[in-house]
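This is my_file_16.cif (mmCIF, C-alpha atoms and all ligand atoms).
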data_coords
loop_
_atom_site.label_atom_id
_atom_site.label_comp_id
_atom_site.auth_asym_id
_atom_site.auth_seq_id
_atom_site.Cartn_x
_atom_site.Cartn_y
_atom_site.Cartn_z
CA MET A 1080 -0.19 31.61 -29.53
CA ASN A 1081 0.38 34.96 -27.77
CA ILE A 1082 -1.15 38.36 -28.45
CA PRO A 1083 0.15 41.46 -26.61
CA PHE A 1084 -2.55 43.32 -24.67
CA ARG A 1085 -1.63 46.59 -26.41
CA ARG A 1086 -2.66 45.10 -29.77
CA ILE A 1087 -6.22 44.36 -28.60
CA THR A 1088 -8.72 46.98 -29.78
CA LYS A 1089 -12.48 47.42 -29.85
CA THR A 1090 -12.47 45.47 -33.09
CA PRO A 1091 -12.58 41.78 -32.09
CA THR A 1092 -9.37 39.85 -32.76
CA GLU A 1093 -9.82 36.20 -33.70
CA PHE A 1094 -7.73 33.42 -32.24
CA GLU A 1095 -7.61 29.64 -32.38
CA VAL A 1096 -5.44 27.24 -30.40
CA GLU A 1097 -5.43 23.47 -30.26
CA SER A 1098 -4.01 20.96 -27.82
CA ASP A 1099 -4.49 17.18 -27.65
CA GLY A 1100 -7.58 17.24 -29.86
CA VAL A 1101 -9.27 20.14 -28.05
CA THR A 1102 -9.74 23.49 -29.79
CA LEU A 1103 -10.35 26.89 -28.23
CA LYS A 1104 -11.58 29.30 -30.87
CA GLY A 1105 -13.07 32.76 -30.50
CA THR A 1106 -12.37 36.45 -30.16
CA VAL A 1107 -10.81 38.92 -27.75
CA VAL A 1108 -11.92 42.54 -27.58
CA PHE A 1109 -10.87 45.57 -25.53
CA LYS A 1110 -13.27 46.17 -22.64
CA GLU A 1111 -11.81 48.83 -20.35
CA ARG A 1112 -8.45 49.99 -18.94
CA ASN A 1113 -6.37 46.79 -18.70
CA ILE A 1114 -9.27 44.40 -19.26
CA VAL A 1115 -9.99 42.26 -22.31
CA LEU A 1116 -13.18 40.25 -22.88
CA LEU A 1117 -12.68 36.76 -24.28
CA GLN A 1118 -15.56 34.84 -25.87
CA ALA A 1119 -14.83 31.42 -27.28
CA GLN A 1120 -16.01 27.91 -27.92
CA LEU A 1121 -14.20 24.92 -26.45
CA GLN A 1122 -14.60 21.88 -28.65
CA GLY A 1123 -13.07 18.46 -29.01
CA GLN A 1124 -12.68 15.13 -27.33
CA ILE A 1125 -10.84 14.45 -24.08
CA GLU A 1126 -10.14 11.45 -21.91
CA LEU A 1127 -11.52 11.64 -18.39
CA THR A 1128 -11.25 9.26 -15.48
CA CYS A 1129 -14.45 8.01 -13.89
CA ASP A 1130 -14.63 9.02 -10.21
CA ILE A 1131 -16.58 5.86 -9.37
CA CYS A 1132 -14.86 2.96 -11.16
CA ALA A 1133 -11.58 4.73 -12.14
CA GLU A 1134 -11.93 3.69 -15.81
CA ASP A 1135 -10.84 6.15 -18.49
CA PHE A 1136 -13.49 7.23 -20.94
CA ALA A 1137 -13.72 9.73 -23.78
CA THR A 1138 -16.10 12.64 -23.74
CA ILE A 1139 -17.03 15.28 -26.30
CA LEU A 1140 -16.64 18.91 -25.27
CA ASN A 1141 -18.71 21.71 -26.68
CA GLU A 1142 -18.71 24.58 -24.21
CA LYS A 1143 -19.04 28.30 -24.42
CA ILE A 1144 -16.27 30.12 -22.58
CA GLU A 1145 -16.62 33.73 -21.56
CA LEU A 1146 -14.11 35.40 -19.27
CA LEU A 1147 -12.09 38.52 -18.64
CA VAL A 1148 -8.34 38.67 -19.05
CA SER A 1149 -6.50 41.32 -17.04
CA ASP A 1150 -3.11 42.76 -17.96
CA GLY A 1151 -1.47 42.56 -14.54
CA ILE A 1152 -3.39 42.55 -11.28
CA TYR A 1153 -7.15 42.88 -11.61
CA GLN A 1154 -8.40 45.70 -9.40
CA GLY A 1155 -12.09 45.88 -10.12
CA PHE A 1156 -14.49 43.07 -9.62
CA ASP A 1157 -16.95 41.37 -11.91
CA GLU A 1158 -19.74 39.30 -10.46
CA LYS A 1159 -20.59 37.45 -13.62
CA LEU A 1160 -17.33 36.52 -15.29
CA ASP A 1161 -14.15 34.82 -14.13
CA VAL A 1162 -11.01 36.91 -14.41
CA VAL A 1163 -7.64 35.54 -15.49
CA GLU A 1164 -4.56 37.64 -14.78
CA MET A 1165 -1.71 37.65 -17.28
CA GLN A 1166 1.30 39.90 -17.85
CA ASP A 1167 1.80 41.87 -21.10
CA ASN A 1168 0.60 39.06 -23.38
CA ILE A 1169 -2.50 36.91 -23.61
CA ASP A 1170 -1.23 33.33 -23.70
CA PHE A 1171 -4.01 31.36 -25.39
CA ASP A 1172 -2.28 28.00 -25.00
CA GLU A 1173 -2.14 28.56 -21.25
CA LEU A 1174 -5.83 29.56 -21.22
CA LEU A 1175 -6.76 26.39 -23.10
CA HIS A 1176 -4.65 24.31 -20.72
CA THR A 1177 -6.34 25.95 -17.71
CA GLU A 1178 -9.83 25.30 -19.10
CA ILE A 1179 -9.01 21.63 -19.73
CA GLU A 1180 -7.60 21.26 -16.21
CA LEU A 1181 -10.78 22.83 -14.78
CA ILE A 1182 -12.91 20.28 -16.62
CA ARG A 1183 -10.67 17.42 -15.50
CA SER A 1184 -10.89 18.51 -11.85
CA ASP A 1185 -14.70 18.31 -11.94
CA TYR A 1186 -16.60 15.22 -10.86
CA HIS A 1187 -17.07 12.71 -13.72
CA SER A 1188 -18.74 9.38 -14.08
CA CYS A 1189 -18.63 7.10 -17.10
CA GLU A 1190 -21.73 5.85 -18.97
CA ASN A 1191 -21.71 2.51 -17.12
CA CYS A 1192 -21.74 4.13 -13.71
CA LYS A 1193 -24.31 6.71 -14.79
CA ASN A 1194 -26.60 3.90 -15.88
CA GLN A 1195 -26.12 2.08 -12.60
CA GLU A 1196 -26.95 5.22 -10.65
CA ARG A 1197 -30.24 5.45 -12.48
CA ASN A 1198 -31.25 1.85 -11.76
ZN ZN B 1201 -17.39 4.39 -14.11
#

I need this file expressed as C-alpha cells, please.
Ligand SMILES: [Zn+2]
Amino acid sequence: MNIPFRRITKTPTEFEVESDGVTLKGTVVFKERNIVLLQAQLQGQIELTCDICAEDFATILNEKIELLVSDGIYQGFDEKLDVVEMQDNIDFDELLHTEIELIRSDYHSCENCKNQERN
C-alpha cells in the first residue's frame, strides 16, 4: 500500500497493511513542509529466535508506533521521534517490514530461558 505525500493533509488518512500475520494500522497526517506524522499500532504474532538456546518461539506483538516520514532528505531534527526518509510515496509495506526487522534484531529469550535466568 502506497500513498503519495502530496495527498496527505491535516485530516488524518487511515491505512492498514498486513504481512505474515502482523498488522500495522493507524493514521498519517501532514505535520510541516515535507514531513508527515505516522501514528499506528503494530499487532500480531511473530516467530523469534531465542538468543540463548537458539529455539524458535512465537510472541505476541502489541506496540504503539509513532514516527515521522520525510519526503526526501530530512533536514530538521526531532529529538523525540525517529524519522524515516522516503521518496514521493509513503510505502506502508516497507515501513511494516522495517518495524518487524527492528524487533527481530533486538535481544530475545524464550520462556524457558527467561525462567532459568530467574532461578
Ligand atoms: Zn531459549

**Item:** Selection within 12 Å of ligand ZN 1201 (chain B) by only C-alpha atoms and all ligand atoms, output as a PyMOL selection string
**Value:** chain A and resi 1127-1137+1186-1196

**Request:** Pick out the closest residue to Val1115 (chain A) from this set: A:Gly1100, A:Thr1090, A:Thr1138, A:Leu1147. Count all atoms listed in the file.
**Result:** A:Leu1147

**Item:** Protein/DNA/RNA residues near (-17.8, 27.3, -25.7), cut 9 Å, all atoms listed in the file, as a list of chain:residue names
**Value:**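 The requested residues, written out, are A:Leu1103, A:Lys1104, A:Gly1105, A:Gln1118, A:Ala1119, A:Gln1120, A:Leu1121, A:Gln1122, A:Leu1140, A:Asn1141, A:Glu1142, A:Lys1143, A:Ile1144, A:Glu1145.
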
**Request:** Work out how far apart CA of Gln1154 (chain A) and CA of Glu1111 (chain A) are and give it in Å to one decimal.
**Result:** 11.9 Å

**Message:** As an exercise, work out the distance from CA of Asp1185 (chain A) to CA of Val1108 (chain A) in Å and give it to one decimal place.
**Reply:** 29.0 Å

**Request:** Could you check which of A:Pro1091, A:Met1080, A:Gly1123, A:Val1163 is closest to Gly1151 (chain A), using all atoms listed in the file?
**Result:**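 Checking each of A:Pro1091, A:Met1080, A:Gly1123, A:Val1163 against Gly1151 (chain A), counting all atoms listed in the file, the winner is A:Val1163.
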
**Message:** Which polymer residues, whether protein, DNA or RNA, lie within 6 Å of the coordinate (-2.9, 28.7, -27.6) when you count only C-alpha atoms? List them as a PyMOL selection string, using the chain letters and numbers from the file.
**Reply:** chain A and resi 1080+1096+1171-1172

With C-alpha atoms retained, write the just-selected residues as an mmCIF file, in the frame of the given file.
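Below you can see part_33.cif, which holds the result:
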data_model
loop_
_atom_site.group_PDB
_atom_site.id
_atom_site.type_symbol
_atom_site.label_atom_id
_atom_site.label_comp_id
_atom_site.auth_asym_id
_atom_site.auth_seq_id
_atom_site.Cartn_x
_atom_site.Cartn_y
_atom_site.Cartn_z
ATOM 1 C CA MET A 1080 -0.190 31.610 -29.530
ATOM 2 C CA VAL A 1096 -5.440 27.240 -30.400
ATOM 3 C CA PHE A 1171 -4.010 31.360 -25.390
ATOM 4 C CA ASP A 1172 -2.280 28.000 -25.000
#

**Request:** Please measure the separation of CA of Arg1112 (chain A) and CA of Ile1179 (chain A), giving the value in Å to one decimal.
**Result:**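 Separation of CA of Arg1112 (chain A) and CA of Ile1179 (chain A): 28.4 Å.
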
**Message:** Using all atoms listed in the file for the distances, tell me which of A:Glu1173, A:Glu1164, A:Phe1109, A:Glu1158 is nearest to Asn1081 (chain A).
**Reply:**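 Of A:Glu1173, A:Glu1164, A:Phe1109, A:Glu1158, the one nearest Asn1081 (chain A), counting all atoms listed in the file, is A:Glu1173.
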
**Closest of A:Leu1175, A:Ile1182, A:Ile1087, A:Ile1152 to Thr1102 (chain A) - atom-to-atom distances counting all atoms listed in the file** =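 The shortest atom-to-atom distance to Thr1102 (chain A) comes from A:Leu1175.
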